[in-house]
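Novice: I'd like to ask some things about the structure below.
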Amino acid sequence: MFYSLQILRHEEFEEGCKATCNGPYDGKWSKTMIGFGPEDDHFVAELTYNYGVGEYQLGNDFLGLTLQSSQAVSNAKRLGWPLTEVGEALYLTQAPGGYPFYLLDKEQPPNDPVQKVCLGVSDLQRSTHYWTTLLGMKVVEKNEDKKTVLMGFGDTQCKLELHDICGTVDHGTAFGRIAFSCPREQLPDLEALMKKENQKILTPLVSLDTPGKATVEVVILADPDCHEICFVGDEAFRQLSMVDPKGNELLDKAMAEDKSDEWFAKHNRQKAAA
């Protein structure tokens, strides 16, 4: 794609994840991590592929990813990719599958070009309290006209923007989540805090295996609008998330070997629409 994101690692799994990393779907699945640099100091997107699912219904939960890169804008125009100008030097486009991306036509910053992730919420005050008071994020900017709050854990990290959609948040069927790493020793305390505050815990502290790689421990929460939030122990995650120089090769191999479309066509069937 024109974003110039790198394939950092690719992994295949024979059965559904016990922490529903691939959504509530059984069977074979894969994940591909992409970003502008290593997961240790860049925002990274996890692309999940369920072999038996042909399409997903999108909701109004994920409202977009904003990238600052004049090169990405130039690439998109050169390739004829649809762009809609929605602000000063700001363009809206869609990735395959319909996910919105905002491209800021400015020189790419020296650290991470991913500026923010925007999530829809039904009650901005309630959600801001959850993410700041309970999870420890700091508010960077409030915009009452746009009904948004921008926040983050660090000055140089990608920011989270909450946007009040003045209605119910619909998560569709794609089941995305946002993830953060933290010292492993903080995970039990985080789980205990959420229990004390009567907040939703989707997956209590659990170990997750990746074939041939490090086992990580996670706690998965849900905010007031049921946005899934995964906290993973940093020490093991640093081992798991190391850039795999064979990532491109493994992804190409998996795509070449994926005969699921042919199988469904041969049996005159269609992949499930989630």
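Identifiers in this document derive from the order of the structure tokens: chains are assigned A, B, ..., residues are numbered from 1 separately in each chain, and ligands are numbered from 1 in order of occurrence.
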Determine, counting only C-alpha atoms, which protein, DNA and RNA residues have an atom within 6 Å of an atom of stretch 171-185 of chain A; residues of the same chain fewer than 2 positions away are not included. Present the result as a PyMOL selection string.

Specialist: chain A and resi 23+56-59+61+187+228-234+274

Novice: Run DSSP on the backbone of this structure and report the residues of stretch 1-247 of chain A it assigns to alpha helix (DSSP H), as JSON, numbers by chain.

Specialist: {"A": [70, 71, 72, 73, 74, 75, 76, 77, 78, 79, 124, 125, 126, 127, 128, 129, 186, 187, 188, 189, 190, 191, 192, 193, 194, 195, 196, 234, 235, 236, 237, 238, 239, 240, 247]}

Novice: Can I get the selected residues back with N, CA and C atoms, as a CSV table (one decimal), in the first residue's frame?

Specialist:
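Result saved to out-v3.csv:
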chain,number,residue,atom,x,y,z
A,70,SER,N,3.5,13.4,4.0
A,70,SER,CA,3.3,13.9,2.7
A,70,SER,C,3.6,12.9,1.6
A,71,GLN,N,4.5,12.0,1.9
A,71,GLN,CA,4.9,10.9,0.9
A,71,GLN,C,3.7,10.0,0.7
A,72,ALA,N,3.0,9.7,1.8
A,72,ALA,CA,1.8,8.8,1.6
A,72,ALA,C,0.7,9.5,0.8
A,73,VAL,N,0.5,10.8,0.9
A,73,VAL,CA,-0.4,11.5,0.1
A,73,VAL,C,0.0,11.5,-1.3
A,74,SER,N,1.3,11.8,-1.6
A,74,SER,CA,1.8,11.8,-2.9
A,74,SER,C,1.7,10.4,-3.6
A,75,ASN,N,2.0,9.3,-2.8
A,75,ASN,CA,1.8,8.0,-3.3
A,75,ASN,C,0.4,7.7,-3.7
A,76,ALA,N,-0.5,8.1,-2.8
A,76,ALA,CA,-2.0,7.8,-3.1
A,76,ALA,C,-2.4,8.5,-4.4
A,77,LYS,N,-2.0,9.7,-4.5
A,77,LYS,CA,-2.4,10.5,-5.8
A,77,LYS,C,-1.8,9.9,-7.0
A,78,ARG,N,-0.6,9.4,-6.9
A,78,ARG,CA,0.1,8.8,-8.0
A,78,ARG,C,-0.6,7.5,-8.4
A,79,LEU,N,-1.0,6.8,-7.5
A,79,LEU,CA,-1.7,5.5,-7.7
A,79,LEU,C,-3.2,5.6,-8.0
A,124,LEU,N,-18.8,11.2,26.6
A,124,LEU,CA,-17.4,11.6,26.6
A,124,LEU,C,-16.9,11.8,28.0
A,125,GLN,N,-17.6,12.3,28.9
A,125,GLN,CA,-17.2,12.5,30.2
A,125,GLN,C,-16.9,11.2,30.9
A,126,ARG,N,-17.8,10.3,30.8
A,126,ARG,CA,-17.7,9.0,31.4
A,126,ARG,C,-16.4,8.2,30.9
A,127,SER,N,-16.2,8.3,29.6
A,127,SER,CA,-15.1,7.6,28.9
A,127,SER,C,-13.8,8.2,29.3
A,128,THR,N,-13.8,9.6,29.3
A,128,THR,CA,-12.6,10.3,29.7
A,128,THR,C,-12.1,9.9,31.1
A,129,HIS,N,-13.1,9.8,32.0
A,129,HIS,CA,-12.8,9.4,33.4
A,129,HIS,C,-12.2,8.0,33.4
A,186,GLN,N,2.6,-5.2,36.9
A,186,GLN,CA,1.5,-4.3,37.1
A,186,GLN,C,0.2,-5.0,36.7
A,187,LEU,N,0.2,-6.1,36.0
A,187,LEU,CA,-1.0,-6.7,35.5
A,187,LEU,C,-1.9,-7.2,36.6
A,188,PRO,N,-1.5,-7.9,37.7
A,188,PRO,CA,-2.4,-8.3,38.8
A,188,PRO,C,-3.0,-7.1,39.4
A,189,ASP,N,-2.2,-6.0,39.6
A,189,ASP,CA,-2.8,-4.8,40.3
A,189,ASP,C,-3.8,-4.1,39.4
A,190,LEU,N,-3.6,-4.1,38.1
A,190,LEU,CA,-4.6,-3.6,37.2
A,190,LEU,C,-5.9,-4.3,37.2
A,191,GLU,N,-5.8,-5.7,37.2
A,191,GLU,CA,-7.0,-6.5,37.3
A,191,GLU,C,-7.7,-6.3,38.6
A,192,ALA,N,-7.0,-6.2,39.7
A,192,ALA,CA,-7.6,-5.9,41.0
A,192,ALA,C,-8.3,-4.6,41.1
A,193,LEU,N,-7.7,-3.6,40.5
A,193,LEU,CA,-8.3,-2.2,40.4
A,193,LEU,C,-9.6,-2.3,39.7
A,194,MET,N,-9.7,-3.0,38.6
A,194,MET,CA,-10.9,-3.0,37.8
A,194,MET,C,-12.0,-3.8,38.6
A,195,LYS,N,-11.6,-4.8,39.3
A,195,LYS,CA,-12.6,-5.5,40.1
A,195,LYS,C,-13.1,-4.6,41.2
A,196,LYS,N,-12.2,-3.9,41.8
A,196,LYS,CA,-12.6,-3.0,42.9
A,196,LYS,C,-13.6,-1.9,42.4
A,234,ASP,N,5.3,-6.5,29.5
A,234,ASP,CA,6.3,-5.9,28.6
A,234,ASP,C,7.5,-6.8,28.4
A,235,GLU,N,8.0,-7.4,29.4
A,235,GLU,CA,9.2,-8.2,29.3
A,235,GLU,C,9.1,-9.3,28.3
A,236,ALA,N,8.1,-10.1,28.3
A,236,ALA,CA,8.0,-11.2,27.3
A,236,ALA,C,7.5,-10.6,26.0
A,237,PHE,N,6.7,-9.6,26.0
A,237,PHE,CA,6.3,-9.0,24.8
A,237,PHE,C,7.4,-8.4,23.9
A,238,ARG,N,8.5,-7.9,24.6
A,238,ARG,CA,9.6,-7.4,23.8
A,238,ARG,C,10.3,-8.5,23.0
A,239,GLN,N,10.3,-9.8,23.6
A,239,GLN,CA,10.8,-10.9,22.9
A,239,GLN,C,9.9,-11.3,21.7
A,240,LEU,N,8.6,-11.4,22.0
A,240,LEU,CA,7.6,-11.8,21.0
A,240,LEU,C,7.6,-10.8,19.8
A,247,GLY,N,9.4,-11.9,7.9
A,247,GLY,CA,8.0,-11.6,7.9
A,247,GLY,C,7.4,-11.5,6.6

Novice: Give the strand (DSSP E or B) residues of stretch 31-105 of chain A, as assigned by DSSP on the backbone, as a PyMOL selection string.

Specialist: chain A and resi 31-35+44-50+53-55+62-68+84-87+90-94+100-104

Novice: Contacts between stretch 40-46 of chain A and stretch 100-212 of chain A, please, where a residue of stretch 100-212 of chain A counts if it comes within 9 Å (with only C-alpha atoms); show its shortest atom pair and distance in Å to one decimal, rows by chain and ascending number, as a Markdown table.

Specialist:
| residue | atom | partner | partner_atom | distance |
| --- | --- | --- | --- | --- |
| A:Asn111 | CA | A:His42 | CA | 7.8 |
| A:Asp112 | CA | A:His42 | CA | 5.7 |
| A:Pro113 | CA | A:His42 | CA | 8.7 |
| A:Val114 | CA | A:Phe43 | CA | 6.5 |
| A:Gln115 | CA | A:Phe43 | CA | 8.9 |
| A:Gln157 | CA | A:His42 | CA | 7.4 |
| A:Cys158 | CA | A:Phe43 | CA | 6.2 |

Novice: How many Å lie between atom CA of A:Leu205 and atom CA of A:Thr20, rounded to one decimal?

Specialist: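 Going from atom CA of A:Leu205 over to atom CA of A:Thr20 covers 13.6 Å.
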
Novice: Between atom CA of A:Thr148 and atom CA of A:Gly120, what is the distance in Å, rounded to a tenth?

Specialist: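 Between these atoms lies a distance of 9.3 Å.
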
Novice: Quick one: everything within 8 Å of A:Ala89, counting only C-alpha atoms, minus sequence neighbours fewer than 3 positions away in the same chain. Send it as a PyMOL selection string.

Specialist: chain A and resi 85+104-106

Novice: Which residue gives the smallest distance to A:Leu162 among A:Tyr51, A:Phe264, A:Phe62, A:Tyr99, with only C-alpha atoms counted?

Specialist: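 Between A:Tyr51, A:Phe264, A:Phe62, A:Tyr99, the residue approaching A:Leu162 most closely is A:Phe62.
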
Novice: Show which residues sit within 6 Å of stretch 12-19 of chain A, as a list in words. Count only C-alpha atoms, and ignore same-chain residues fewer than 4 positions away.

Specialist: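 Surrounding residues, per the criterion: Asp26, Gly27, Lys28, Trp29 and Ser30 of chain A.
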